[in-house]
Each structure stands twice: as C-alpha cells, then as structure tokens.
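Reviewing the structure listed below.
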Amino acid sequence: MAANPYKRIGLFDSGVGGLSVLRQVALSCNGAQFIYLGDEARCPYGNRQKSEIGLFVDEIVTYLTSFQLDALIMACNTSCAMALDVAQARIQRSPATALFDLIEPTAQYLAESAECSKIGVMATFGTVSTRAFSLALRRHGYSGEVAEVACPALVPLIESGKLAEEAQNELLRAALKSYLLSLAGSSMIILGCTHFPFVASDIESLLLTDKDLQACFPEGVKLIDPALVLCRRLFPSAVSGLPAEDKYAEARQIDYFSPAFTFYTTGAVESFERAAAACLKTPVPRPLHLEVSVLEANGSASRNSVVEI
Ligand code: DGL
C-alpha cells in the first residue's frame with residue numbers, strides 16, 4: 001500500500017452514496033483520518049437547481065475546511081457537475097487543502113485508455129442536465145459516442161437501506177432495466193452517481209440474466225466506478241488495472257468504528273446508520289448530527305466576511 005500524503009481527508013455527499021468513495025479511499029491508503037458528511041436532510045441533490053447545489057456546496061466546503069483538511073473529496077457527482085467552480089473558489093481560502101472531484105479524472109482516464117466506441121453514463125438528473133461527463137470526455141479527446149441517462153429512482157431506493165427486501169429489490173431491478181435499455185450498445189458504463197456502486201452487483205446480475213439486456217449488450221459491459229479512478233490517481237501503487245467495480249472491496253475489512261472515522265449527517269442519525277450499514281454490508285457507528293442551520297450560518301458568515309489579500 002502507498003505512503004499517504006493526505007493525513008486528514010474530508011468527503012461529502014447528499015447522503016450515504018459518498019461512502020462508496022470513502023470505502024475505496026480507505027482501502028487505498030494508510031494512516032489517514034476521515035471526516036464524512038452526508039447532507040441527508042437535503043437529499044436527494046439530483047433534482048435540485050444549480051443555484052441550490054451551489055449554496056449547499058459552499059456551506060459544506062466552508063464547514064469541512066474548518067477541520068484543517070489535507071484533502072477534500074467531492075464524493076457527489078451532482079455537486080461536481082453543478083458546483084465544482086463554487087468549491088474551487090471557496091477552497092482558495094484554505095490553501096493547505098487539495099480539492100478533488102470525480103468527473104475530471106474519470107473522463108481523462110477513459111479518454112486516454114478506453115478503446116471503445118460507446119460509453120454510457122448513469123447519473124442523476126442534475127448531472128445529466130449539465131452533460132458534465134460527455135463534455136469532459138470530449139475535452140480529453142474521446143471521440144466515440146456518449147449516452148447519458150438520468151436514473152432518479154435509484155438514490156431513494158438506496159437511501160432507504162431496504163434493498164434486501166424483495167419488494168424494494170423488485171423496484172430496483174425494474175428501474176435498472178429501463179435505464180440500461182437506453183444505454184444499449186455501450187461497452188463501458190460509468191456509475192456517475194456515488195450511490196450507484198452500491199447496486200453494481202445488481203446491474204451485473206441483470207446484464208447476465210435478462211434476455212433483452214443481453215441483446216442490447218452482446219459484448220458485455222464494464223462498469224466504471226469513478227472512485228477507483230480517483231484512487232488510482234491519488235495512490236497509484238494501490239490501484240491497478242481498469243477501474244471497474246472492485247469486487248473485493250466488500251470482502252476486505254474496514255473497521256469504521258476505529259477513531260480514524262468521524263461521520264456527520266444533517267438527517268436522522270438512525271436512518272444514516274441503517275442505510276450506511278446496508279450499503280457497506282458492515283455495521284457503522286452512529287453518526288453525529290449536524291443541524292442544517294449550522295451549515296447555513298457558517299456559509300453565510302463566511303460569504304459576508306471580507307478576505308484580506
Ligand atoms: N450521490 C450523489 C451523486 O453522486 C447525489 C445523489 C442525489 O442526492 O441525488 O450524484
């Protein structure tokens with residue numbers, strides 16, 4: 001495992017989705033402390049306006065940088081797609097903190113390495129509306145086709161923490177099938193929302209068993225998890241090969257009860273705990289509750305303060 005230059009790492013998402021990024025980062029580096037914030041009181045982000053997301057991102061970056069971070073990872077593609085500029089502007093007040101998003105490294109990596117004529121993207125309405133993935137792929141020189149599909153049913157199902165129940169799983173499979181059909185012919189599909197790696201195995205089993213989908217993807221599909229692409233960039237010796245879904249991530253042990261992990265949610269602590277445990281397939285400690293009003297007050301105090309240059 002690589003020596004880790006980032007000793008204190010912050011990550012945020014609208015909810016538990018960013019835990020798919022936390023898991024990969026924690027598996028890829030040693031000796032870091034992690035501070036995770038899930039803004040569940042305002043989840044989902046995917047159907048919100050750009051101006052709202054900009055405000056939320058500004059508040060959260062302001063809050064998290066008060067922890068003297070070495071790195072801040074935007075573990076939410078909707079935030080990356082709609083408000084990367086806001087985060088970049090805000091982080092300038094914390095020059096010791098490096099900011100990382102998931103879209104740019106993924107697009108660059110695939111444009112440079114993927115030899116395929118069609119890439120699919122599954123993401124939220126917000127991310128798809130910006131065409132952030134296809135524009136970034138083009139910017140990095142990818143000339144194939146890019147199909148992006150909004151998948152609004154998935155985040156609420158994953159946040160429910162009840163996907164092990166047959167009825168919920170039935171809904172998940174039906175939604176996944178309709179989204180996948182619209183990406184027919186893709187040989188790679190980017191899981192462009194951090195919640196989606198938690199249903200990667202459901203996607204794979206549908207692709208293997210459903211006749212309609214088999215006809216749409218005759219050569220099979222590789223799922224790309226942007227968190228693995230980011231880890232590959234941050235900790236090159238820890239991640240090798242194509243960053244498809246890491247089949248071993250769940251099996252390898254992470255002790256989320258260790259003092260290295262601090263979790264915050266703006267929502268109900270019990271529902272975070274339930275959804276997080278269901279997604280990570282291991283218990284997690286009860287998060288600390290953070291009032292949205294604290295984020296709002298912090299954000300507006302910071303916006304109103306004059307920066308001395
Ligand atoms: N997990 C986030 C993303 O990557 C946000 C999902 C949502 O809240 O809609 O886009």
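Ordering of the structure tokens sets the chain letters (A, B, ...), residue numbers begin anew at 1 in every chain, and ligands are numbered from 1 in the order given.
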
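Using only C-alpha atoms and all ligand atoms as the basis for the distance check, residues found within 7 Å of ligand 1 are A:Asp13, A:Ser14, A:Gly15, A:Gly17, A:Gly18, A:Cys43, A:Pro44, A:Tyr45, A:Gly46, A:Asn47, A:Ala75, A:Cys76, A:Asn77, A:Thr78, A:Ser79, A:Ala123, A:Thr124, A:Thr127, A:Val155, A:Gly192, A:Cys193, A:Thr194, A:His195.
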
Within 9 Å of range 131-145 of chain A: each range 28-101 of chain A residue with its shortest pair, only C-alpha atoms, as a Markdown table:
| residue | atom | partner | partner_atom | distance |
| --- | --- | --- | --- | --- |
| A:Cys80 | CA | A:Ala132 | CA | 8.6 |
| A:Ala81 | CA | A:Ala132 | CA | 5.5 |
| A:Met82 | CA | A:Ala132 | CA | 8.4 |

Write the residues of the selection above to a file with N, CA, C and O atoms, as a PDB file, in the first residue's frame.
ATOM      1  N   CYS A  80     -20.180  17.902  -8.094  1.00  0.00           N
ATOM      2  CA  CYS A  80     -19.057  18.132  -9.026  1.00  0.00           C
ATOM      3  C   CYS A  80     -19.585  18.762 -10.321  1.00  0.00           C
ATOM      4  O   CYS A  80     -18.999  19.702 -10.855  1.00  0.00           O
ATOM      5  N   ALA A  81     -20.691  18.196 -10.830  1.00  0.00           N
ATOM      6  CA  ALA A  81     -21.210  18.649 -12.132  1.00  0.00           C
ATOM      7  C   ALA A  81     -21.750  20.076 -12.048  1.00  0.00           C
ATOM      8  O   ALA A  81     -21.609  20.861 -12.977  1.00  0.00           O
ATOM      9  N   MET A  82     -22.397  20.405 -10.933  1.00  0.00           N
ATOM     10  CA  MET A  82     -23.109  21.687 -10.868  1.00  0.00           C
ATOM     11  C   MET A  82     -22.358  22.774 -10.112  1.00  0.00           C
ATOM     12  O   MET A  82     -22.679  23.944 -10.255  1.00  0.00           O
TER      13      MET A  82
END

Which residues of range 1-62 of chain A have any atom within 10 Å of an atom in range 219-236 of chain A when counting only C-alpha atoms, and what is the closest pair of atoms for each, with the distance in Å to one decimal? Order the rows by chain and rising number and write it as a Markdown table.
| residue | atom | partner | partner_atom | distance |
| --- | --- | --- | --- | --- |
| A:Met1 | CA | A:Phe235 | CA | 8.2 |
| A:Ala2 | CA | A:Phe235 | CA | 6.0 |
| A:Ala3 | CA | A:Phe235 | CA | 8.0 |
| A:Asn4 | CA | A:Phe235 | CA | 7.4 |
| A:Pro5 | CA | A:Leu234 | CA | 9.0 |
| A:Tyr6 | CA | A:Leu234 | CA | 9.4 |
| A:Gly18 | CA | A:Ala227 | CA | 9.2 |
| A:Ser20 | CA | A:Ala227 | CA | 7.4 |
| A:Val21 | CA | A:Ala227 | CA | 5.1 |
| A:Leu22 | CA | A:Ala227 | CA | 8.4 |
| A:Arg23 | CA | A:Ala227 | CA | 9.0 |
| A:Gln24 | CA | A:Leu228 | CA | 6.5 |
| A:Val25 | CA | A:Cys231 | CA | 6.1 |
| A:Ala26 | CA | A:Cys231 | CA | 9.6 |
| A:Leu27 | CA | A:Cys231 | CA | 9.3 |
| A:Ser28 | CA | A:Phe235 | CA | 6.5 |
| A:Cys29 | CA | A:Phe235 | CA | 6.9 |

Identify, on the basis of only C-alpha atoms, every residue whose closest approach to range 280-294 of chain A does not exceed 7 Å; exclude the query and any residue fewer than 3 positions from it along the same chain; express the result as a ChimeraX atom specification.
/A:250,256-257,263-266,269,273,276-277,297-298

Using DSSP on the backbone coordinates, identify the residues of range 14-158 of chain A assigned to strand (DSSP E or B); present them as an MDAnalysis selection string.
chainID A and resid 29 33:38 71:74 98:100 118:123 145:150

Have a look at A:Leu206, A:Ile119, A:Leu84, A:Ala107 and name the one nearest to Leu55 in chain A; count only C-alpha atoms.
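Among A:Leu206, A:Ile119, A:Leu84, A:Ala107, it is A:Leu84 that comes nearest to Leu55 in chain A.
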
Just give me the gap between CA of Ala150 in chain A and CA of Ala200 in chain A in Å, one decimal is fine.
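Interatomic distance, CA of Ala150 in chain A to CA of Ala200 in chain A: 16.1 Å.
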
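Picture a line from CA of Cys116 in chain A to CA of Asp212 in chain A; it runs 21.6 Å.
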
Can you tell me which residues surround Ala153 in chain A at a distance of at most 9 Å, considering only C-alpha atoms, apart from same-chain residues fewer than 6 positions away, and format the answer as a PyMOL selection string?
chain A and resi 171-172+175-176

Store the residues of this selection in a file with C-alpha atoms, as a compact mmCIF listing (two decimals), in the first residue's frame.
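Saved to out-v5.txt:
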# COMPACT_ATOMS: atom_id res chain seq x y z
CA LEU A 171 -38.46 -1.98 -7.91
CA LEU A 172 -34.69 -1.63 -8.21
CA ALA A 175 -35.75 0.70 -12.75
CA LEU A 176 -32.27 -0.57 -13.62

Which residue out of A:Thr262, A:Leu19, A:Asp202, A:Ala41 has the minimum interatomic distance to Phe67 in chain A when only C-alpha atoms are used?
A:Thr262

Give me, as a list in words, all polymer residues having an atom no more than 9 Å from Lys118 in chain A, counting only C-alpha atoms and skipping those fewer than 5 positions away in the same chain.
Gly144, Glu145, Val146, Ala147, Gly185, Ser186, Ser187, Met188 and Ile189 of chain A

Can you pull out the residues contacting range 69-71 of chain A? Cut-off 6 Å, using only C-alpha atoms, and skip same-chain residues under 6 positions away; I want them as a PyMOL selection string.
chain A and resi 6+8-9+97-99

Would you export the selected residues with all heavy atoms as a PDB file, in the first residue's frame, please?
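Output file part-v3.pdb is given in full below:
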ATOM      1  N   TYR A   6      -1.898  12.425   2.395  1.00  0.00           N
ATOM      2  CA  TYR A   6      -3.056  13.146   2.955  1.00  0.00           C
ATOM      3  C   TYR A   6      -3.435  12.525   4.294  1.00  0.00           C
ATOM      4  O   TYR A   6      -3.965  11.422   4.356  1.00  0.00           O
ATOM      5  CB  TYR A   6      -4.235  13.082   1.987  1.00  0.00           C
ATOM      6  CG  TYR A   6      -3.875  13.539   0.596  1.00  0.00           C
ATOM      7  CD1 TYR A   6      -3.785  12.629  -0.455  1.00  0.00           C
ATOM      8  CD2 TYR A   6      -3.576  14.873   0.343  1.00  0.00           C
ATOM      9  CE1 TYR A   6      -3.428  13.047  -1.729  1.00  0.00           C
ATOM     10  CE2 TYR A   6      -3.208  15.299  -0.929  1.00  0.00           C
ATOM     11  CZ  TYR A   6      -3.136  14.374  -1.952  1.00  0.00           C
ATOM     12  OH  TYR A   6      -2.773  14.789  -3.202  1.00  0.00           O
ATOM     13  N   ARG A   8      -5.438  13.969   6.737  1.00  0.00           N
ATOM     14  CA  ARG A   8      -6.825  14.194   7.156  1.00  0.00           C
ATOM     15  C   ARG A   8      -7.655  14.504   5.900  1.00  0.00           C
ATOM     16  O   ARG A   8      -7.392  15.485   5.199  1.00  0.00           O
ATOM     17  CB  ARG A   8      -6.900  15.356   8.148  1.00  0.00           C
ATOM     18  CG  ARG A   8      -8.298  15.505   8.708  1.00  0.00           C
ATOM     19  CD  ARG A   8      -8.357  16.531   9.792  1.00  0.00           C
ATOM     20  NE  ARG A   8      -7.654  16.106  10.990  1.00  0.00           N
ATOM     21  CZ  ARG A   8      -7.547  16.871  12.072  1.00  0.00           C
ATOM     22  NH1 ARG A   8      -8.076  18.074  12.086  1.00  0.00           N
ATOM     23  NH2 ARG A   8      -6.920  16.430  13.137  1.00  0.00           N
ATOM     24  N   ILE A   9      -8.617  13.651   5.645  1.00  0.00           N
ATOM     25  CA  ILE A   9      -9.370  13.728   4.386  1.00  0.00           C
ATOM     26  C   ILE A   9     -10.854  13.925   4.689  1.00  0.00           C
ATOM     27  O   ILE A   9     -11.448  13.159   5.457  1.00  0.00           O
ATOM     28  CB  ILE A   9      -9.179  12.427   3.562  1.00  0.00           C
ATOM     29  CG1 ILE A   9      -7.689  12.187   3.281  1.00  0.00           C
ATOM     30  CG2 ILE A   9      -9.978  12.490   2.264  1.00  0.00           C
ATOM     31  CD1 ILE A   9      -7.379  10.862   2.572  1.00  0.00           C
ATOM     32  N   THR A  97      -5.480  22.781   1.700  1.00  0.00           N
ATOM     33  CA  THR A  97      -6.407  21.679   1.378  1.00  0.00           C
ATOM     34  C   THR A  97      -6.494  21.476  -0.136  1.00  0.00           C
ATOM     35  O   THR A  97      -6.855  22.393  -0.875  1.00  0.00           O
ATOM     36  CB  THR A  97      -7.822  21.993   1.919  1.00  0.00           C
ATOM     37  OG1 THR A  97      -7.718  22.356   3.288  1.00  0.00           O
ATOM     38  CG2 THR A  97      -8.740  20.786   1.773  1.00  0.00           C
ATOM     39  N   ALA A  98      -6.173  20.260  -0.578  1.00  0.00           N
ATOM     40  CA  ALA A  98      -6.303  19.932  -2.003  1.00  0.00           C
ATOM     41  C   ALA A  98      -7.740  19.476  -2.265  1.00  0.00           C
ATOM     42  O   ALA A  98      -8.302  18.717  -1.471  1.00  0.00           O
ATOM     43  CB  ALA A  98      -5.337  18.822  -2.367  1.00  0.00           C
ATOM     44  N   LEU A  99      -8.313  19.938  -3.361  1.00  0.00           N
ATOM     45  CA  LEU A  99      -9.703  19.595  -3.690  1.00  0.00           C
ATOM     46  C   LEU A  99      -9.726  18.569  -4.825  1.00  0.00           C
ATOM     47  O   LEU A  99      -9.012  18.726  -5.810  1.00  0.00           O
ATOM     48  CB  LEU A  99     -10.447  20.863  -4.132  1.00  0.00           C
ATOM     49  CG  LEU A  99     -11.905  20.684  -4.537  1.00  0.00           C
ATOM     50  CD1 LEU A  99     -12.776  20.420  -3.299  1.00  0.00           C
ATOM     51  CD2 LEU A  99     -12.424  21.930  -5.276  1.00  0.00           C
TER      52      LEU A  99
END
